[in-house]
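Okay, run38.cif is below, mmCIF, C-alpha atoms and all ligand atoms:
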data_structure
loop_
_atom_site.label_atom_id
_atom_site.label_comp_id
_atom_site.auth_asym_id
_atom_site.auth_seq_id
_atom_site.Cartn_x
_atom_site.Cartn_y
_atom_site.Cartn_z
CA MET A 1 -3.82 -3.34 34.09
CA HIS A 2 -6.04 -5.63 32.10
CA LEU A 3 -7.46 -4.76 28.68
CA ARG A 4 -10.36 -6.98 27.67
CA LEU A 5 -11.75 -6.86 24.12
CA ALA A 6 -13.87 -9.33 22.18
CA ASP A 7 -10.84 -10.51 20.18
CA MET A 8 -8.05 -10.34 22.78
CA GLU A 9 -6.99 -9.76 26.34
CA LEU A 10 -3.79 -7.94 27.27
CA ASP A 11 -1.98 -7.25 30.52
CA LEU A 12 -0.29 -3.87 30.32
CA GLU A 13 1.84 -1.90 32.77
CA SER A 14 1.26 1.77 33.46
CA ASP A 15 2.63 4.18 36.02
CA ARG A 16 1.79 7.30 37.98
CA GLY A 17 1.95 10.40 35.82
CA VAL A 18 0.90 8.51 32.70
CA PHE A 19 -2.66 8.87 31.39
CA GLY A 20 -4.85 5.91 32.33
CA SER A 21 -2.66 4.67 35.16
CA LYS A 22 -5.74 3.71 37.19
CA GLY A 23 -7.30 1.52 34.52
CA VAL A 24 -7.94 1.40 30.80
CA ASP A 25 -9.72 4.62 29.86
CA LEU A 26 -13.37 4.24 28.85
CA GLY A 27 -12.81 6.36 25.73
CA THR A 28 -9.95 4.09 24.69
CA LEU A 29 -12.20 1.06 25.11
CA VAL A 30 -14.97 2.70 23.06
CA LEU A 31 -12.46 3.44 20.26
CA LEU A 32 -11.02 -0.09 20.27
CA ARG A 33 -14.47 -1.65 20.30
CA GLU A 34 -16.25 0.62 17.83
CA ALA A 35 -13.75 1.98 15.29
CA PRO A 36 -13.39 0.18 11.96
CA ALA A 37 -10.56 -2.31 11.55
CA ALA A 38 -7.18 -0.94 10.62
CA PRO A 39 -5.68 -1.65 7.20
CA ALA A 40 -3.82 -4.97 7.31
CA THR A 41 -0.59 -3.45 5.98
CA GLY A 42 1.10 -0.07 5.77
CA ASP A 43 1.89 2.49 8.45
CA LEU A 44 -0.55 3.15 11.29
CA LEU A 45 -0.22 5.82 13.98
CA ASP A 46 -1.42 5.91 17.57
CA LEU A 47 -1.30 9.65 18.30
CA GLY A 48 -0.77 10.24 22.03
CA CYS A 49 -0.07 6.59 22.79
CA GLY A 50 0.33 6.73 26.58
CA TYR A 51 1.36 3.27 27.82
CA GLY A 52 0.30 1.85 24.44
CA PRO A 53 -3.14 0.15 24.61
CA ILE A 54 -4.25 1.43 21.20
CA ALA A 55 -0.94 0.82 19.40
CA ILE A 56 -0.59 -2.70 20.79
CA THR A 57 -4.18 -3.63 19.94
CA LEU A 58 -3.69 -2.35 16.37
CA ALA A 59 -0.44 -4.29 16.10
CA ARG A 60 -2.12 -7.51 17.24
CA ARG A 61 -5.02 -7.00 14.86
CA ALA A 62 -2.81 -6.04 11.91
CA PRO A 63 0.42 -8.01 12.32
CA GLY A 64 1.43 -7.10 8.76
CA ALA A 65 1.28 -3.35 9.47
CA ARG A 66 3.92 -1.12 11.03
CA VAL A 67 2.45 0.67 14.03
CA TRP A 68 3.95 3.96 15.22
CA ALA A 69 3.16 5.07 18.76
CA VAL A 70 3.96 8.67 19.63
CA ASP A 71 3.79 10.58 22.89
CA VAL A 72 5.50 13.64 24.38
CA ASN A 73 5.69 11.91 27.76
CA GLU A 74 8.95 9.94 27.82
CA ARG A 75 7.77 7.64 30.60
CA ALA A 76 4.72 6.80 28.48
CA VAL A 77 6.97 5.98 25.51
CA GLU A 78 9.12 3.73 27.72
CA LEU A 79 6.01 1.91 28.96
CA ALA A 80 4.59 1.57 25.43
CA ARG A 81 7.88 -0.03 24.32
CA ALA A 82 7.96 -2.40 27.28
CA ASN A 83 4.29 -3.33 26.88
CA ALA A 84 4.72 -3.94 23.14
CA ALA A 85 7.67 -6.23 23.90
CA SER A 86 5.81 -8.23 26.52
CA ALA A 87 2.75 -8.50 24.25
CA GLY A 88 5.03 -9.88 21.51
CA THR A 89 4.10 -7.09 19.08
CA SER A 90 7.43 -6.46 17.36
CA ASN A 91 5.67 -4.30 14.73
CA VAL A 92 5.24 -1.40 17.21
CA THR A 93 7.75 1.47 17.23
CA ALA A 94 7.21 3.95 20.05
CA GLY A 95 8.87 7.33 20.28
CA THR A 96 8.60 10.99 21.08
CA PRO A 97 7.43 13.16 18.14
CA GLU A 98 10.96 13.95 16.93
CA GLN A 99 11.82 10.24 16.88
CA ILE A 100 9.15 9.46 14.27
CA PRO A 101 10.61 9.77 10.74
CA ALA A 102 9.43 13.11 9.35
CA GLU A 103 8.77 11.75 5.85
CA LEU A 104 6.38 9.00 7.01
CA GLN A 105 2.73 9.12 5.96
CA PHE A 106 0.07 7.09 7.70
CA ASP A 107 -2.61 4.87 6.21
CA ALA A 108 -4.68 5.30 9.37
CA ILE A 109 -4.44 7.22 12.63
CA TYR A 110 -6.19 6.07 15.80
CA SER A 111 -6.21 8.40 18.75
CA ASN A 112 -7.69 9.19 22.11
CA PRO A 113 -6.32 12.73 21.82
CA PRO A 114 -5.23 14.90 24.76
CA VAL A 115 -8.27 17.19 24.92
CA ARG A 116 -7.36 18.41 28.40
CA VAL A 117 -4.26 20.23 27.09
CA GLY A 118 -6.60 22.98 25.84
CA LYS A 119 -7.98 23.92 22.45
CA ALA A 120 -4.96 25.64 20.93
CA PRO A 121 -2.41 22.86 21.69
CA LEU A 122 -4.94 20.21 20.65
CA HIS A 123 -5.58 21.98 17.35
CA ARG A 124 -1.82 22.33 16.78
CA LEU A 125 -1.37 18.61 17.42
CA LEU A 126 -4.09 17.65 14.92
CA LEU A 127 -2.77 20.15 12.34
CA GLU A 128 0.68 18.61 12.73
CA TRP A 129 -0.29 14.94 12.32
CA LEU A 130 -3.58 14.56 10.42
CA PRO A 131 -2.22 16.09 7.19
CA ARG A 132 0.29 13.21 7.27
CA LEU A 133 -2.45 10.75 6.30
CA THR A 134 -2.03 9.12 2.90
CA PRO A 135 -4.62 10.33 0.34
CA GLY A 136 -6.95 7.40 1.06
CA GLY A 137 -6.22 7.34 4.78
CA ALA A 138 -8.50 8.20 7.68
CA ALA A 139 -8.12 9.15 11.33
CA TYR A 140 -10.37 7.70 14.03
CA LEU A 141 -10.64 9.91 17.10
CA VAL A 142 -12.53 9.29 20.31
CA VAL A 143 -13.56 12.37 22.28
CA GLN A 144 -15.72 12.72 25.36
CA ARG A 145 -18.96 14.54 24.56
CA ASN A 146 -18.67 16.69 27.72
CA LEU A 147 -15.13 17.67 26.82
CA GLY A 148 -16.04 19.40 23.59
CA ALA A 149 -16.38 16.58 21.06
CA ASP A 150 -18.87 18.47 18.93
CA SER A 151 -17.01 21.75 18.95
CA LEU A 152 -13.83 19.87 17.98
CA ALA A 153 -15.75 18.29 15.09
CA SER A 154 -16.91 21.77 13.96
CA TRP A 155 -13.35 23.07 14.14
CA MET A 156 -12.10 20.11 12.05
CA ARG A 157 -14.81 20.73 9.45
CA GLY A 158 -13.67 24.35 9.42
CA GLN A 159 -10.24 23.09 8.30
CA GLY A 160 -11.92 21.62 5.22
CA TRP A 161 -11.61 18.09 6.59
CA SER A 162 -14.44 15.63 6.20
CA VAL A 163 -15.73 14.51 9.60
CA ALA A 164 -18.24 11.71 10.17
CA ARG A 165 -19.60 10.79 13.57
CA LEU A 166 -19.40 7.01 13.52
CA LYS A 167 -20.61 6.27 17.04
CA SER A 168 -21.89 7.93 20.15
CA LYS A 169 -21.53 5.65 23.11
CA LYS A 170 -21.11 5.93 26.89
CA GLY A 171 -20.63 9.71 26.61
CA TYR A 172 -17.99 9.43 23.88
CA ARG A 173 -18.05 10.20 20.18
CA VAL A 174 -15.97 8.31 17.63
CA PHE A 175 -15.15 10.45 14.59
CA LYS A 176 -13.74 9.44 11.23
CA VAL A 177 -11.71 12.26 9.75
CA LYS A 178 -10.31 12.62 6.25
CA VAL A 179 -8.13 15.56 5.38
CA THR A 180 -8.79 15.42 1.65
CA GLU A 181 -12.08 16.08 -0.06
CA PRO A 182 -14.06 12.83 -0.25
CA THR A 183 -14.40 11.39 -3.73
CA ALA A 184 -17.65 9.81 -4.93
CA GLY A 185 -18.31 6.55 -3.12
CA SER A 186 -15.76 7.04 -0.31
C1 LIG L 1 -6.02 10.91 26.45
S1 LIG L 1 -4.37 10.33 26.60
C2 LIG L 1 -4.47 8.75 25.73
C3 LIG L 1 -3.34 7.81 26.10
C4 LIG L 1 -3.46 6.40 25.52
N1 LIG L 1 -3.56 6.43 24.06
C5 LIG L 1 -4.65 5.67 26.09
O1 LIG L 1 -5.57 5.40 25.32
O2 LIG L 1 -4.65 5.37 27.28
C6 LIG L 1 -3.52 11.40 25.47
C7 LIG L 1 -2.02 11.27 25.42
O3 LIG L 1 -1.51 12.28 24.52
C8 LIG L 1 -0.24 12.66 24.98
N2 LIG L 1 0.13 13.98 24.40
C9 LIG L 1 -0.16 15.22 24.87
N3 LIG L 1 0.34 16.16 24.05
C10 LIG L 1 0.95 15.49 23.04
C11 LIG L 1 1.67 15.91 21.88
N4 LIG L 1 1.86 17.20 21.59
N5 LIG L 1 2.20 14.96 21.06
C12 LIG L 1 2.03 13.65 21.34
N6 LIG L 1 1.36 13.20 22.42
C13 LIG L 1 0.82 14.10 23.25
C14 LIG L 1 -0.35 12.64 26.50
O4 LIG L 1 0.93 12.53 27.11
C15 LIG L 1 -1.26 11.42 26.72
O5 LIG L 1 -0.49 10.26 26.95
#
Serialized structure, structure tokens:
Amino acid sequence: MHLRLADMELDLESDRGVFGSKGVDLGTLVLLREAPAAPATGDLLDLGCGYGPIAITLARRAPGARVWAVDVNERAVELARANAASAGTSNVTAGTPEQIPAELQFDAIYSNPPVRVGKAPLHRLLLEWLPRLTPGGAAYLVVQRNLGADSLASWMRGQGWSVARLKSKKGYRVFKVKVTEPTAGS
């Protein structure tokens, strides 16, 4: 499939049984077009990477960063690895959750999270990974408005996280989430 952004075009392979196999997801496009640029260095995470469109875009945009791409679907991980190799992004490491070093912290997380798994598993996933942001780090999440974006934002605020709605476009919200209390000026 073909991913077209203002700053790059990528041809990526997907497969049946992997999210987005019929074309690049609209939410993914909204995130890649609207979210702020990733830090140029450090460790970045694509949470729920699928065949890798977010991770590979981040890796192209931030060649000095290490990009981690995680998914529970092993076929998705295989595709993300193959797509990263054919895109020439050697700074992407894809794996299942247990393959990502447990001590790693992330300077930024970008995710089109799996909202269709249901609230409890989605909340568990966010509770597992978002606290692994570095103190100055932020997560950028895209969520479809009709699939509970605003109630997810309320739940995240209920965790004491700071949540800003950066964009609302084409039925999707892009949220910036920080797990620590914001300091003046941040
Ligand atoms: C909405 S899809 C986004 C896929 C890809 N990032 C994209 O933009 O096309 C969410 C992904 O999260 C993955 N996922 C579901 N539960 C997960 C979990 N507990 N840990 C990691 N990934 C998970 C799914 O397999 C799916 O690939």
Worksheet entry | Shell of 7 Å around ligand LIG 1 (chain L) (all atoms listed in the file), written as a VMD selection string | chain A and resid 18 to 20 24 to 25 28 46 to 54 70 to 73 76 97 111 to 115 117 125
Practice prompt. Find, counting only C-alpha atoms, the residue in A:Arg173, A:Arg165, A:Glu128, A:Val179 that gets nearest to A:Leu147.
Written response: A:Arg173
Fill in: For stretch 33-41 of chain A: contacts at 6 Å, all atoms listed in the file, fewer than 6 positions along chain excluded, given as a list in words
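These residues fall inside the cut-off: Ala62, Gly64 and Ala65 of chain A.
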Item to complete: Quick one: residues within 6 Å of (-12.6, 9.1, 22.8) (file frame), counting only C-alpha atoms, please, as a ChimeraX atom specification.
Response: /A:27-28,112,142-144,172
Practice prompt. Give me, please, the distance in Å between atom CA of A:Leu79 and atom CA of A:Thr96, quoted to one decimal.
Written response: 12.3 Å
Discussion item. Here is a test: counting only C-alpha atoms, which residue of A:Ala153, A:Val67, A:Leu141, A:Leu166 is nearest to A:Asp107?
Written reply: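 Of all the options, A:Val67 lies closest to A:Asp107.
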Worksheet entry | Atom-to-atom span, atom CA of A:Leu152 and atom CA of A:Ala120, Å |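 Straight-line distance from atom CA of A:Leu152 to atom CA of A:Ala120 works out to 11.0 Å.
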Worksheet entry | Pick from A:Arg61, A:Gly136, A:Met8, A:Ile56 nearest to A:Phe106, counting only C-alpha atoms |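 When distances to A:Phe106 are compared using only C-alpha atoms, the smallest one comes from A:Gly136.
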